[in-house]
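Written below as structure tokens is the structure these notes are about.
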Amino acid sequence: MSIQQEKIKELVERRAQARLGGGQKRIDAQHAKGKLTARERLSLLLDEGSFEEFDMFVQHRCTNFGMQKTKFDGDGVVTGMGTIDGRLVYVYSQDFTVSGGTMSETMAQKICKVADMAIRSGVPLICLNDSGGARIQEGMGGLAGLGEIFTRHITASGVIPQISGVFGPCAGGAVYSPTLTDFTVMIKGTSYMYLTGPNVVKTVTGETVDHEELGGASVHAMKSGVAHFAAENEEEGIALMKAILSFLPSNNREQAPFKPTNDPPGRVADALNDIIPDNPNKAYDMYGVIGCIVDDGEFLEIHKDWAKNIIIGFAHMNGRSVGIIANQPKMLAGVLDSNASRKAARFIRCCDAFNIPIVSLIDVPGFLCGTQQEYNGIINHGAKLLYAYGEATVPKVAVTLRKSYGGAYITMSCKQMRSDINLAWPTANFAVMGAEGAVEILYSKELDKIEDPQERMKAAEDKKKEYNDLFCNPYNAASFGYIDDIIEPRNTRFRIIRALEQLADKKLENPWKKHDNLPL
């Protein structure tokens, strides 16, 4: 065998060994936990044969605690580029079989390299997390590396899409990596995120809690809102990441991919003409409205299990990506509270960053009242939603289905907040508040003078009717030009699509500023 052939043989063997990560025994242990390996995840994520790996032979340089005796090519993270449905992406996938996926200085350098390449090339960055946190043996090296990674996420924010999958542990400072990206997917039962683990929590607070209760996928998808999705398994989680990407452009200077459809733009939905109950206090399901107006009834909901009184997600309308924001009357009557405001505000800013039009479906009785909300800062949180709508320069189309009261009217994409096209159903009504509360304020003294209870009740009902006739219809708002048109509900899909087509070449820029100062 010639020297060249020996060198080639050595390369092939070393590549094969590197692909095993921490070795077959650790791979088997990973599988025993119901988890895939770093490379198996990439195989599911990327188009077959498209992956080009970088830095396969990088090793850590730590000599503390005898670390020089244990080295693996690749050092705990697989990095490179590939394609998803033919679109170029940069990726990194942490390898738990190597030192528990803990972050070393060299691992951070590998991740920063692909992040920098993604930013320069204007293509998405996909992050697959499965790590025990910073590598303790390296002292400050791992922590400094995390800081370098966070800087890349911040630099890339709003420039390229960043999508994170948490497929195992993500603890300590490392939790900020997925949180700084645009979307986070977690896996039920095998992934968790927290700043301090159960042992530290018990020592400091005396509280006994396990990994799942403290930071599992369900906790962050339902209670904290840290995770956008909680998938049943890794295959579903990776499919969700690919689905999210399909609605997004590769960078903030491009438009989202067009998805051809056979669903006619002029399709009518007769069911919408009967969806609003006669009783204004009775709920209906906003998902029924969304399903009737989007292409092929397909809707990718974001934060499905958190702040359910507002619905957000992606859909296509006549092939174009849109972001849907809709109040949900079935949950807390669709009222806005702190979490709903935060949830919708961040989604609006994401859509605006990546040139995705915003479609708002409005049925909101106001903001949730009470000491709990006030103490929780609902004023600030509501201002975030208000700010997001007002700041956004993408096409904005709003349809009011029923109620739009008080401060929530202003907040939910009203004409005064630079909404482009505002439509209303005949069942819509716009007012400072509902008739019952208004009559109590406007006529309480007058009604208190009526001694007979039945007469007082009749007088109150007459005043409510008077108020409803004046405000509880869309024509008063339309007379001021605050509503551009009142439409038949069954034609909603066609009217939204036509509005989006009219706004396709919209040009609007905010004044130059270093950055804004929204009420965080």
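We label chains A, B, ... in the order they appear in the structure tokens, count residues from 1 in each chain, and number ligands from 1 in the order shown.
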
Who sits within 7 Å of region 316-325 of chain A, only C-alpha atoms, same chain under 4 positions skipped, as an mmCIF file with N, CA and C atoms, in the first residue's frame:
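The resulting part02.cif:
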data_model
loop_
_atom_site.group_PDB
_atom_site.id
_atom_site.type_symbol
_atom_site.label_atom_id
_atom_site.label_comp_id
_atom_site.auth_asym_id
_atom_site.auth_seq_id
_atom_site.Cartn_x
_atom_site.Cartn_y
_atom_site.Cartn_z
ATOM 1 N N PHE A 247 -42.653 28.572 6.302
ATOM 2 C CA PHE A 247 -43.404 29.822 6.252
ATOM 3 C C PHE A 247 -42.490 31.055 6.235
ATOM 4 N N ALA A 256 -41.164 35.361 1.920
ATOM 5 C CA ALA A 256 -41.341 33.950 2.270
ATOM 6 C C ALA A 256 -41.643 33.134 1.020
ATOM 7 N N PHE A 258 -43.397 30.964 -1.737
ATOM 8 C CA PHE A 258 -44.783 30.872 -2.201
ATOM 9 C C PHE A 258 -45.184 29.406 -2.259
ATOM 10 N N LYS A 259 -46.351 29.085 -1.747
ATOM 11 C CA LYS A 259 -46.832 27.709 -1.753
ATOM 12 C C LYS A 259 -48.052 27.610 -2.667
ATOM 13 N N PRO A 260 -47.918 27.006 -3.828
ATOM 14 C CA PRO A 260 -49.057 26.890 -4.758
ATOM 15 C C PRO A 260 -50.229 26.158 -4.104
ATOM 16 N N THR A 261 -51.432 26.568 -4.457
ATOM 17 C CA THR A 261 -52.632 25.950 -3.897
ATOM 18 C C THR A 261 -53.725 25.868 -4.946
ATOM 19 N N PRO A 265 -59.138 31.593 -4.443
ATOM 20 C CA PRO A 265 -59.154 32.778 -3.577
ATOM 21 C C PRO A 265 -60.566 33.301 -3.327
ATOM 22 N N VAL A 294 -58.267 30.239 5.533
ATOM 23 C CA VAL A 294 -56.887 30.001 5.094
ATOM 24 C C VAL A 294 -56.854 28.934 4.008
ATOM 25 N N ASP A 295 -55.763 28.876 3.271
ATOM 26 C CA ASP A 295 -55.609 27.892 2.197
ATOM 27 C C ASP A 295 -55.746 26.473 2.740
ATOM 28 N N ILE A 311 -54.998 33.451 19.821
ATOM 29 C CA ILE A 311 -54.459 32.431 18.913
ATOM 30 C C ILE A 311 -53.473 33.102 17.970
ATOM 31 N N ILE A 312 -52.303 32.490 17.806
ATOM 32 C CA ILE A 312 -51.331 32.992 16.839
ATOM 33 C C ILE A 312 -50.806 31.820 16.017
ATOM 34 N N ALA A 344 -48.761 37.532 21.669
ATOM 35 C CA ALA A 344 -49.064 38.114 20.357
ATOM 36 C C ALA A 344 -48.026 39.146 19.939
ATOM 37 N N CYS A 351 -43.097 38.367 12.624
ATOM 38 C CA CYS A 351 -43.667 38.514 11.279
ATOM 39 C C CYS A 351 -43.148 39.779 10.604
ATOM 40 N N ILE A 356 -43.638 39.173 6.694
ATOM 41 C CA ILE A 356 -44.841 38.346 6.616
ATOM 42 C C ILE A 356 -46.053 39.185 7.013
ATOM 43 N N PRO A 357 -47.031 39.359 6.116
ATOM 44 C CA PRO A 357 -48.232 40.154 6.427
ATOM 45 C C PRO A 357 -48.977 39.611 7.643
ATOM 46 N N ILE A 358 -49.681 40.510 8.322
ATOM 47 C CA ILE A 358 -50.391 40.163 9.547
ATOM 48 C C ILE A 358 -51.889 40.288 9.321
ATOM 49 N N VAL A 359 -52.604 39.209 9.615
ATOM 50 C CA VAL A 359 -54.066 39.190 9.520
ATOM 51 C C VAL A 359 -54.623 39.031 10.928
ATOM 52 N N SER A 360 -55.430 40.002 11.365
ATOM 53 C CA SER A 360 -55.993 39.978 12.717
ATOM 54 C C SER A 360 -57.493 39.728 12.651
ATOM 55 N N LEU A 361 -57.957 38.762 13.444
ATOM 56 C CA LEU A 361 -59.380 38.447 13.570
ATOM 57 C C LEU A 361 -59.797 38.845 14.980
ATOM 58 N N ILE A 497 -57.691 38.234 1.012
ATOM 59 C CA ILE A 497 -56.727 37.959 -0.060
ATOM 60 C C ILE A 497 -56.610 39.159 -0.993
#

Quick one: residues within 8 Å of region 469-477 of chain A, only C-alpha atoms, excluding same-chain residues fewer than 6 positions away - as a list in words?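 Residues meeting the cut-off are Ala424, Trp425, Pro426, Thr427, Ala428, Asn429, Phe430, Ala431, Ile483 and Ile486 of chain A.
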
Please produce a file of those selected residues containing N, CA and C atoms, as a CSV table (one decimal), in the first residue's frame.
chain,number,residue,atom,x,y,z
A,424,ALA,N,-65.1,44.8,8.8
A,424,ALA,CA,-66.0,44.4,9.9
A,424,ALA,C,-67.1,43.6,9.3
A,425,TRP,N,-67.5,42.6,10.1
A,425,TRP,CA,-68.8,41.9,9.9
A,425,TRP,C,-70.0,42.7,10.3
A,426,PRO,N,-71.1,42.5,9.8
A,426,PRO,CA,-72.3,43.2,10.3
A,426,PRO,C,-72.6,43.1,11.8
A,427,THR,N,-72.1,42.0,12.4
A,427,THR,CA,-72.2,41.7,13.8
A,427,THR,C,-71.3,42.5,14.7
A,428,ALA,N,-70.3,43.3,14.1
A,428,ALA,CA,-69.3,44.0,14.8
A,428,ALA,C,-69.9,45.2,15.6
A,429,ASN,N,-69.3,45.4,16.7
A,429,ASN,CA,-69.6,46.7,17.4
A,429,ASN,C,-68.4,47.2,18.1
A,430,PHE,N,-68.3,48.6,18.1
A,430,PHE,CA,-67.1,49.3,18.6
A,430,PHE,C,-67.6,50.3,19.6
A,431,ALA,N,-67.0,50.2,20.8
A,431,ALA,CA,-67.4,51.1,21.8
A,431,ALA,C,-66.4,51.2,22.9
A,483,ILE,N,-63.5,52.1,9.8
A,483,ILE,CA,-63.7,50.8,9.2
A,483,ILE,C,-63.8,51.1,7.7
A,486,ILE,N,-67.8,47.1,5.4
A,486,ILE,CA,-68.5,46.1,6.2
A,486,ILE,C,-68.8,45.0,5.2

If DSSP is run on the backbone, what residues of region 45-234 of chain A are strand (DSSP E or B)? A reply as a PyMOL selection string would be ideal. chain A and resi 52-54+77-84+87-94+103+125-129+134+162-166+169-171+183-187+192-194+216+229-231

Preceding selection exported with C-alpha atoms as a PDB file, in the first residue's frame:
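Below you can see out-v1.pdb, which holds the result:
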ATOM      1  CA  GLU A  52     -21.583  19.142   4.575  1.00  0.00           C
ATOM      2  CA  GLU A  53     -19.813  18.941   7.918  1.00  0.00           C
ATOM      3  CA  PHE A  54     -17.286  21.429   9.283  1.00  0.00           C
ATOM      4  CA  VAL A  77     -21.147  19.135  18.631  1.00  0.00           C
ATOM      5  CA  VAL A  78     -21.741  18.402  14.946  1.00  0.00           C
ATOM      6  CA  THR A  79     -21.755  21.515  12.761  1.00  0.00           C
ATOM      7  CA  GLY A  80     -22.180  22.232   9.080  1.00  0.00           C
ATOM      8  CA  MET A  81     -24.617  23.137   6.358  1.00  0.00           C
ATOM      9  CA  GLY A  82     -27.281  21.330   4.357  1.00  0.00           C
ATOM     10  CA  THR A  83     -30.648  21.852   2.755  1.00  0.00           C
ATOM     11  CA  ILE A  84     -34.244  21.547   3.934  1.00  0.00           C
ATOM     12  CA  ARG A  87     -33.213  25.563   0.920  1.00  0.00           C
ATOM     13  CA  LEU A  88     -29.738  26.121   2.363  1.00  0.00           C
ATOM     14  CA  VAL A  89     -29.429  26.197   6.165  1.00  0.00           C
ATOM     15  CA  TYR A  90     -26.595  26.136   8.658  1.00  0.00           C
ATOM     16  CA  VAL A  91     -26.917  23.746  11.583  1.00  0.00           C
ATOM     17  CA  TYR A  92     -25.366  22.612  14.803  1.00  0.00           C
ATOM     18  CA  SER A  93     -26.363  19.536  16.760  1.00  0.00           C
ATOM     19  CA  GLN A  94     -24.987  18.955  20.251  1.00  0.00           C
ATOM     20  CA  MET A 103     -20.012  23.246  26.334  1.00  0.00           C
ATOM     21  CA  LEU A 125     -29.632  28.836  11.526  1.00  0.00           C
ATOM     22  CA  ILE A 126     -31.027  25.624  13.010  1.00  0.00           C
ATOM     23  CA  CYS A 127     -29.924  24.761  16.556  1.00  0.00           C
ATOM     24  CA  LEU A 128     -30.317  21.289  18.077  1.00  0.00           C
ATOM     25  CA  ASN A 129     -29.645  21.367  21.822  1.00  0.00           C
ATOM     26  CA  ALA A 134     -20.929  24.544  30.536  1.00  0.00           C
ATOM     27  CA  GLN A 162     -33.257  30.979  14.046  1.00  0.00           C
ATOM     28  CA  ILE A 163     -35.090  27.833  15.123  1.00  0.00           C
ATOM     29  CA  SER A 164     -34.123  25.765  18.176  1.00  0.00           C
ATOM     30  CA  GLY A 165     -34.936  22.207  19.133  1.00  0.00           C
ATOM     31  CA  VAL A 166     -34.316  21.167  22.737  1.00  0.00           C
ATOM     32  CA  PRO A 169     -31.140  18.746  29.006  1.00  0.00           C
ATOM     33  CA  CYS A 170     -30.583  22.477  28.653  1.00  0.00           C
ATOM     34  CA  ALA A 171     -29.589  23.966  31.981  1.00  0.00           C
ATOM     35  CA  PHE A 183     -38.886  29.536  17.870  1.00  0.00           C
ATOM     36  CA  THR A 184     -38.226  26.760  20.371  1.00  0.00           C
ATOM     37  CA  VAL A 185     -39.431  23.150  20.136  1.00  0.00           C
ATOM     38  CA  MET A 186     -39.200  20.818  23.136  1.00  0.00           C
ATOM     39  CA  ILE A 187     -39.865  17.081  23.465  1.00  0.00           C
ATOM     40  CA  TYR A 192     -36.052  20.131  29.977  1.00  0.00           C
ATOM     41  CA  MET A 193     -34.852  23.706  30.542  1.00  0.00           C
ATOM     42  CA  TYR A 194     -34.124  25.478  33.799  1.00  0.00           C
ATOM     43  CA  GLY A 216     -40.161  19.942  31.247  1.00  0.00           C
ATOM     44  CA  PHE A 229     -44.101  23.661  20.866  1.00  0.00           C
ATOM     45  CA  ALA A 230     -44.091  20.514  22.996  1.00  0.00           C
ATOM     46  CA  ALA A 231     -43.752  17.573  20.615  1.00  0.00           C
TER      47      ALA A 231
END

Counting only C-alpha atoms, what is within 10 Å of Asp116 (chain A), bar same-chain residues fewer than 6 positions away, as a PyMOL selection string? chain A and resi 90+122+125+149+152-153+155-156

Nearby residues (only C-alpha atoms) at most 9 Å from Leu36 (chain A), same-chain spacing under 5 positions excluded, as a list in words: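 The filter keeps Ile27, Gln30, His31, Arg41, Phe167 and Glu234 of chain A.
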
For the selection you just gave me, I'd like the residues written to a file as a JSON list (two decimals), in the first residue's frame, keeping C-alpha atoms.
[["chain", "number", "residue", "atom", "x", "y", "z"],
["A", 27, "ILE", "CA", -25.00, 5.75, 21.59],
["A", 30, "GLN", "CA", -28.80, 7.56, 24.30],
["A", 31, "HIS", "CA", -31.23, 5.28, 22.48],
["A", 41, "ARG", "CA", -31.36, 14.18, 14.19],
["A", 167, "PHE", "CA", -33.90, 17.39, 22.62],
["A", 234, "GLU", "CA", -38.13, 13.82, 18.31]]

Neighbours of region 279-288 of chain A within 7 Å (only C-alpha atoms; same-chain residues fewer than 3 positions away dropped), as a compact mmCIF listing (two decimals) with N, CA and C atoms, in the first residue's frame?
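Once everything was written out, this is selection_11.txt:
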# COMPACT_ATOMS: atom_id res chain seq x y z
N ILE A 276 -71.72 33.49 14.46
CA ILE A 276 -71.84 34.39 15.62
C ILE A 276 -73.16 34.13 16.33
N GLY A 291 -60.07 28.21 10.03
CA GLY A 291 -60.10 27.09 9.10
C GLY A 291 -60.85 27.39 7.82
N CYS A 292 -61.84 28.28 7.91
CA CYS A 292 -62.65 28.62 6.73
C CYS A 292 -61.95 29.58 5.77
N GLN A 328 -59.77 34.54 21.04
CA GLN A 328 -60.50 33.28 21.15
C GLN A 328 -61.65 33.44 22.14
N PRO A 329 -62.89 33.64 21.67
CA PRO A 329 -64.03 33.83 22.58
C PRO A 329 -64.30 32.65 23.50
N LYS A 330 -63.82 31.45 23.14
CA LYS A 330 -64.06 30.28 23.96
C LYS A 330 -63.19 30.26 25.22
N ALA A 333 -63.48 34.58 27.23
CA ALA A 333 -64.24 35.47 26.34
C ALA A 333 -63.34 36.22 25.35

What residues in region 95-138 of chain A get the DSSP label alpha helix (DSSP H)? Please answer as a PyMOL selection string. chain A and resi 105-121
